[in-house]
Amino acid sequence: MRALWLTGGLGLLLFVGLSIFLAPLEPSVLRLQFAFTPRAFGQIVHTWQVEGLARYRAHFPADFALLLSYAVFGYLLARRTRLAAMGGVWARWLLPAAALADALENVLHLWLTAAPRLAVFWPYPLAASAASCKWLLVLAFGLWIVAARLRQTSP
């Protein structure tokens, strides 16, 4: 249980810290995650200018630590708690799968923001699809927790 608390606490601290660090960026990082076209992506990055782009690129080391912590946390929560009896066999892989999608998104965003790459189309929808997949898997994990808790408390 110590590892569960450690990864959960670390993930929460990293998430809050990154949210505060990235808050000055307008449009938000969430908008960039769903930029499916080079034009949409470029407009956001252009709006941030050099300082905002540098801030965004600086967040990646902590973001990789975040995705690792939430992947391990989700796996442990679905495997080692009483919730495991409520469908934890498949649920334990939801956050690790989300973390893989997040890692793909991060790698693509690092590459796309290293230099202008507006002539190459495919990385933009791939990165946005990875982000969409990540958020859907996180949502599925949250819904699993709610459903498992409801089943635990029902007579």
# chains A, B, ... in the order shown; residues from 1 in each chain; ligands from 1
call {"tool": "residues_around", "arguments": {"residues": "segment 134-151 of chain A", "least_positions_apart": "6", "cutoff": "9 Å", "atoms": "only C-alpha atoms", "output": "MDAnalysis selection string"}}
result
chainID A and resid 74 78 83:88 91:92 94:95 97:102 105
call {"tool": "write_last_selection", "arguments": {"atoms": "N, CA and C atoms", "output": "PDB file, in the first residue's frame"}}
result
ATOM      1  N   GLY A  74      -2.497   3.669 -11.071  1.00  0.00           N
ATOM      2  CA  GLY A  74      -3.712   3.017 -11.580  1.00  0.00           C
ATOM      3  C   GLY A  74      -3.599   1.513 -11.556  1.00  0.00           C
ATOM      4  N   ALA A  78      -5.983  -0.804  -9.037  1.00  0.00           N
ATOM      5  CA  ALA A  78      -6.880  -1.810  -9.609  1.00  0.00           C
ATOM      6  C   ALA A  78      -6.466  -3.232  -9.239  1.00  0.00           C
ATOM      7  N   LEU A  83     -11.171  -2.809  -4.524  1.00  0.00           N
ATOM      8  CA  LEU A  83     -11.800  -2.533  -5.821  1.00  0.00           C
ATOM      9  C   LEU A  83     -11.394  -3.556  -6.876  1.00  0.00           C
ATOM     10  N   ALA A  84     -10.288  -4.257  -6.644  1.00  0.00           N
ATOM     11  CA  ALA A  84      -9.806  -5.238  -7.616  1.00  0.00           C
ATOM     12  C   ALA A  84     -10.835  -6.321  -7.882  1.00  0.00           C
ATOM     13  N   ALA A  85     -11.632  -6.651  -6.875  1.00  0.00           N
ATOM     14  CA  ALA A  85     -12.665  -7.671  -7.045  1.00  0.00           C
ATOM     15  C   ALA A  85     -13.800  -7.188  -7.946  1.00  0.00           C
ATOM     16  N   MET A  86     -13.818  -5.911  -8.238  1.00  0.00           N
ATOM     17  CA  MET A  86     -14.892  -5.322  -9.041  1.00  0.00           C
ATOM     18  C   MET A  86     -14.418  -5.024 -10.461  1.00  0.00           C
ATOM     19  N   GLY A  87     -13.840  -5.990 -11.119  1.00  0.00           N
ATOM     20  CA  GLY A  87     -13.409  -5.812 -12.505  1.00  0.00           C
ATOM     21  C   GLY A  87     -12.000  -5.277 -12.641  1.00  0.00           C
ATOM     22  N   GLY A  88     -11.194  -5.447 -11.618  1.00  0.00           N
ATOM     23  CA  GLY A  88      -9.838  -4.919 -11.634  1.00  0.00           C
ATOM     24  C   GLY A  88      -8.920  -5.576 -12.643  1.00  0.00           C
ATOM     25  N   ALA A  91      -9.312  -3.321 -15.593  1.00  0.00           N
ATOM     26  CA  ALA A  91      -9.158  -1.921 -15.191  1.00  0.00           C
ATOM     27  C   ALA A  91      -7.716  -1.575 -14.857  1.00  0.00           C
ATOM     28  N   ARG A  92      -6.938  -2.567 -14.427  1.00  0.00           N
ATOM     29  CA  ARG A  92      -5.546  -2.268 -14.045  1.00  0.00           C
ATOM     30  C   ARG A  92      -4.711  -1.778 -15.223  1.00  0.00           C
ATOM     31  N   LEU A  94      -5.932   0.289 -17.665  1.00  0.00           N
ATOM     32  CA  LEU A  94      -6.458   1.530 -18.241  1.00  0.00           C
ATOM     33  C   LEU A  94      -5.475   2.698 -18.110  1.00  0.00           C
ATOM     34  N   LEU A  95      -4.961   2.957 -16.910  1.00  0.00           N
ATOM     35  CA  LEU A  95      -4.038   4.081 -16.763  1.00  0.00           C
ATOM     36  C   LEU A  95      -2.663   3.806 -17.370  1.00  0.00           C
ATOM     37  N   ALA A  97      -2.215   2.174 -20.107  1.00  0.00           N
ATOM     38  CA  ALA A  97      -2.475   2.420 -21.531  1.00  0.00           C
ATOM     39  C   ALA A  97      -2.608   3.919 -21.794  1.00  0.00           C
ATOM     40  N   ALA A  98      -3.250   4.639 -20.877  1.00  0.00           N
ATOM     41  CA  ALA A  98      -3.349   6.096 -21.012  1.00  0.00           C
ATOM     42  C   ALA A  98      -1.961   6.725 -20.988  1.00  0.00           C
ATOM     43  N   ALA A  99      -1.092   6.204 -20.135  1.00  0.00           N
ATOM     44  CA  ALA A  99       0.270   6.733 -20.042  1.00  0.00           C
ATOM     45  C   ALA A  99       1.052   6.489 -21.338  1.00  0.00           C
ATOM     46  N   LEU A 100       0.829   5.352 -21.971  1.00  0.00           N
ATOM     47  CA  LEU A 100       1.490   5.098 -23.264  1.00  0.00           C
ATOM     48  C   LEU A 100       1.016   6.096 -24.318  1.00  0.00           C
ATOM     49  N   ALA A 101      -0.284   6.344 -24.340  1.00  0.00           N
ATOM     50  CA  ALA A 101      -0.823   7.337 -25.279  1.00  0.00           C
ATOM     51  C   ALA A 101      -0.260   8.720 -24.949  1.00  0.00           C
ATOM     52  N   ASP A 102      -0.157   9.036 -23.671  1.00  0.00           N
ATOM     53  CA  ASP A 102       0.401  10.314 -23.234  1.00  0.00           C
ATOM     54  C   ASP A 102       1.869  10.438 -23.662  1.00  0.00           C
ATOM     55  N   GLU A 105       1.984  11.170 -27.344  1.00  0.00           N
ATOM     56  CA  GLU A 105       1.623  12.580 -27.533  1.00  0.00           C
ATOM     57  C   GLU A 105       2.806  13.488 -27.176  1.00  0.00           C
TER      58      GLU A 105
END
call {"tool": "atom_distance", "arguments": {"atom1": "atom CA of Ala131 of chain A", "atom2": "atom CA of His109 of chain A"}}
result
10.6 Å
call {"tool": "residues_around", "arguments": {"residues": "segment 36-50 of chain A", "least_positions_apart": "2", "cutoff": "7 Å", "atoms": "only C-alpha atoms", "output": "CSV table (one decimal) with C-alpha atoms, in the first residue's frame"}}
result
chain,number,residue,atom,x,y,z
A,25,LEU,CA,-0.4,29.7,-21.5
A,26,GLU,CA,-3.3,31.0,-23.4
A,27,PRO,CA,-4.8,29.2,-25.3
A,32,LEU,CA,-3.1,22.2,-28.0
A,34,PHE,CA,-6.8,18.6,-29.4
A,52,GLY,CA,5.3,30.4,-23.9
A,53,LEU,CA,6.7,27.8,-26.2
A,54,ALA,CA,9.9,27.6,-24.0
A,118,LEU,CA,3.8,22.5,-41.0
A,121,PHE,CA,0.6,16.5,-41.8
A,124,TYR,CA,-0.7,16.5,-35.8
A,125,PRO,CA,-3.8,14.2,-36.0
A,128,ALA,CA,-4.3,14.7,-31.0
call {"tool": "atom_distance", "arguments": {"atom1": "atom CA of Ala130 of chain A", "atom2": "atom CA of Gly17 of chain A"}}
result
22.7 Å
call {"tool": "atom_distance", "arguments": {"atom1": "atom CA of Asp63 of chain A", "atom2": "atom CA of Gly11 of chain A"}}
result
9.7 Å
call {"tool": "closest_residue", "arguments": {"among": "A:Leu110, A:Ala3, A:Val120, A:Ala103", "to": "Cys133 of chain A", "atoms": "only C-alpha atoms"}}
result
A:Ala103
call {"tool": "select_by_dssp", "arguments": {"residues": "chain A", "states": "alpha helix (DSSP H)", "output": "ChimeraX atom specification"}}
result
/A:2-22,29-33,38-58,60-80,88-91,94-114,123-153
call {"tool": "residues_around", "arguments": {"residues": "Leu12 of chain A", "least_positions_apart": "4", "cutoff": "12 Å", "atoms": "only C-alpha atoms", "output": "number ranges by chain"}}
result
A: 5-8, 16-19, 62-63, 65-67, 69-70, 73
call {"tool": "closest_residue", "arguments": {"among": "A:Ser28, A:Thr153, A:Thr81, A:Ser129", "to": "Tyr56 of chain A", "atoms": "only C-alpha atoms"}}
result
A:Ser28
call {"tool": "closest_residue", "arguments": {"among": "A:Leu10, A:Leu68, A:Leu76, A:Leu104", "to": "Gln33 of chain A", "atoms": "only C-alpha atoms"}}
result
A:Leu104
call {"tool": "decode", "arguments": {"residues": "segment 44-107 of chain A", "atoms": "C-alpha atoms", "output": "compact mmCIF listing (two decimals), in the first residue's frame"}}
result
# COMPACT_ATOMS: atom_id res chain seq x y z
CA ILE A 44 -1.75 28.07 -30.72
CA VAL A 45 2.04 27.88 -30.66
CA HIS A 46 2.29 31.20 -32.53
CA THR A 47 0.00 32.83 -29.95
CA TRP A 48 2.28 31.60 -27.15
CA GLN A 49 5.32 33.20 -28.79
CA VAL A 50 8.88 32.24 -27.86
CA GLU A 51 8.49 32.50 -24.07
CA GLY A 52 5.32 30.44 -23.95
CA LEU A 53 6.74 27.79 -26.23
CA ALA A 54 9.86 27.58 -24.02
CA ARG A 55 7.62 27.18 -20.95
CA TYR A 56 5.64 24.44 -22.70
CA ARG A 57 8.77 22.54 -23.76
CA ALA A 58 10.23 22.87 -20.25
CA HIS A 59 7.30 20.97 -18.72
CA PHE A 60 8.05 17.66 -20.45
CA PRO A 61 10.47 16.10 -17.93
CA ALA A 62 7.89 16.53 -15.16
CA ASP A 63 5.12 15.36 -17.50
CA PHE A 64 6.99 12.12 -18.21
CA ALA A 65 7.35 11.61 -14.44
CA LEU A 66 3.62 12.31 -14.08
CA LEU A 67 2.59 9.73 -16.67
CA LEU A 68 4.83 7.14 -15.04
CA SER A 69 3.38 7.83 -11.60
CA TYR A 70 -0.26 7.70 -12.71
CA ALA A 71 0.36 4.52 -14.71
CA VAL A 72 1.81 2.74 -11.67
CA PHE A 73 -0.85 4.20 -9.37
CA GLY A 74 -3.71 3.02 -11.58
CA TYR A 75 -2.23 -0.44 -11.92
CA LEU A 76 -1.71 -0.79 -8.17
CA LEU A 77 -5.12 0.61 -7.28
CA ALA A 78 -6.88 -1.81 -9.61
CA ARG A 79 -4.77 -4.75 -8.44
CA ARG A 80 -4.17 -4.33 -4.72
CA THR A 81 -7.30 -2.80 -3.24
CA ARG A 82 -10.78 -4.10 -2.52
CA LEU A 83 -11.80 -2.53 -5.82
CA ALA A 84 -9.81 -5.24 -7.62
CA ALA A 85 -12.66 -7.67 -7.05
CA MET A 86 -14.89 -5.32 -9.04
CA GLY A 87 -13.41 -5.81 -12.50
CA GLY A 88 -9.84 -4.92 -11.63
CA VAL A 89 -8.42 -7.46 -14.10
CA TRP A 90 -9.05 -5.23 -17.10
CA ALA A 91 -9.16 -1.92 -15.19
CA ARG A 92 -5.55 -2.27 -14.04
CA TRP A 93 -4.39 -1.62 -17.61
CA LEU A 94 -6.46 1.53 -18.24
CA LEU A 95 -4.04 4.08 -16.76
CA PRO A 96 -0.89 2.35 -18.05
CA ALA A 97 -2.47 2.42 -21.53
CA ALA A 98 -3.35 6.10 -21.01
CA ALA A 99 0.27 6.73 -20.04
CA LEU A 100 1.49 5.10 -23.26
CA ALA A 101 -0.82 7.34 -25.28
CA ASP A 102 0.40 10.31 -23.23
CA ALA A 103 4.04 9.38 -23.94
CA LEU A 104 3.32 9.19 -27.68
CA GLU A 105 1.62 12.58 -27.53
CA ASN A 106 4.60 14.03 -25.62
CA VAL A 107 7.17 12.69 -28.07
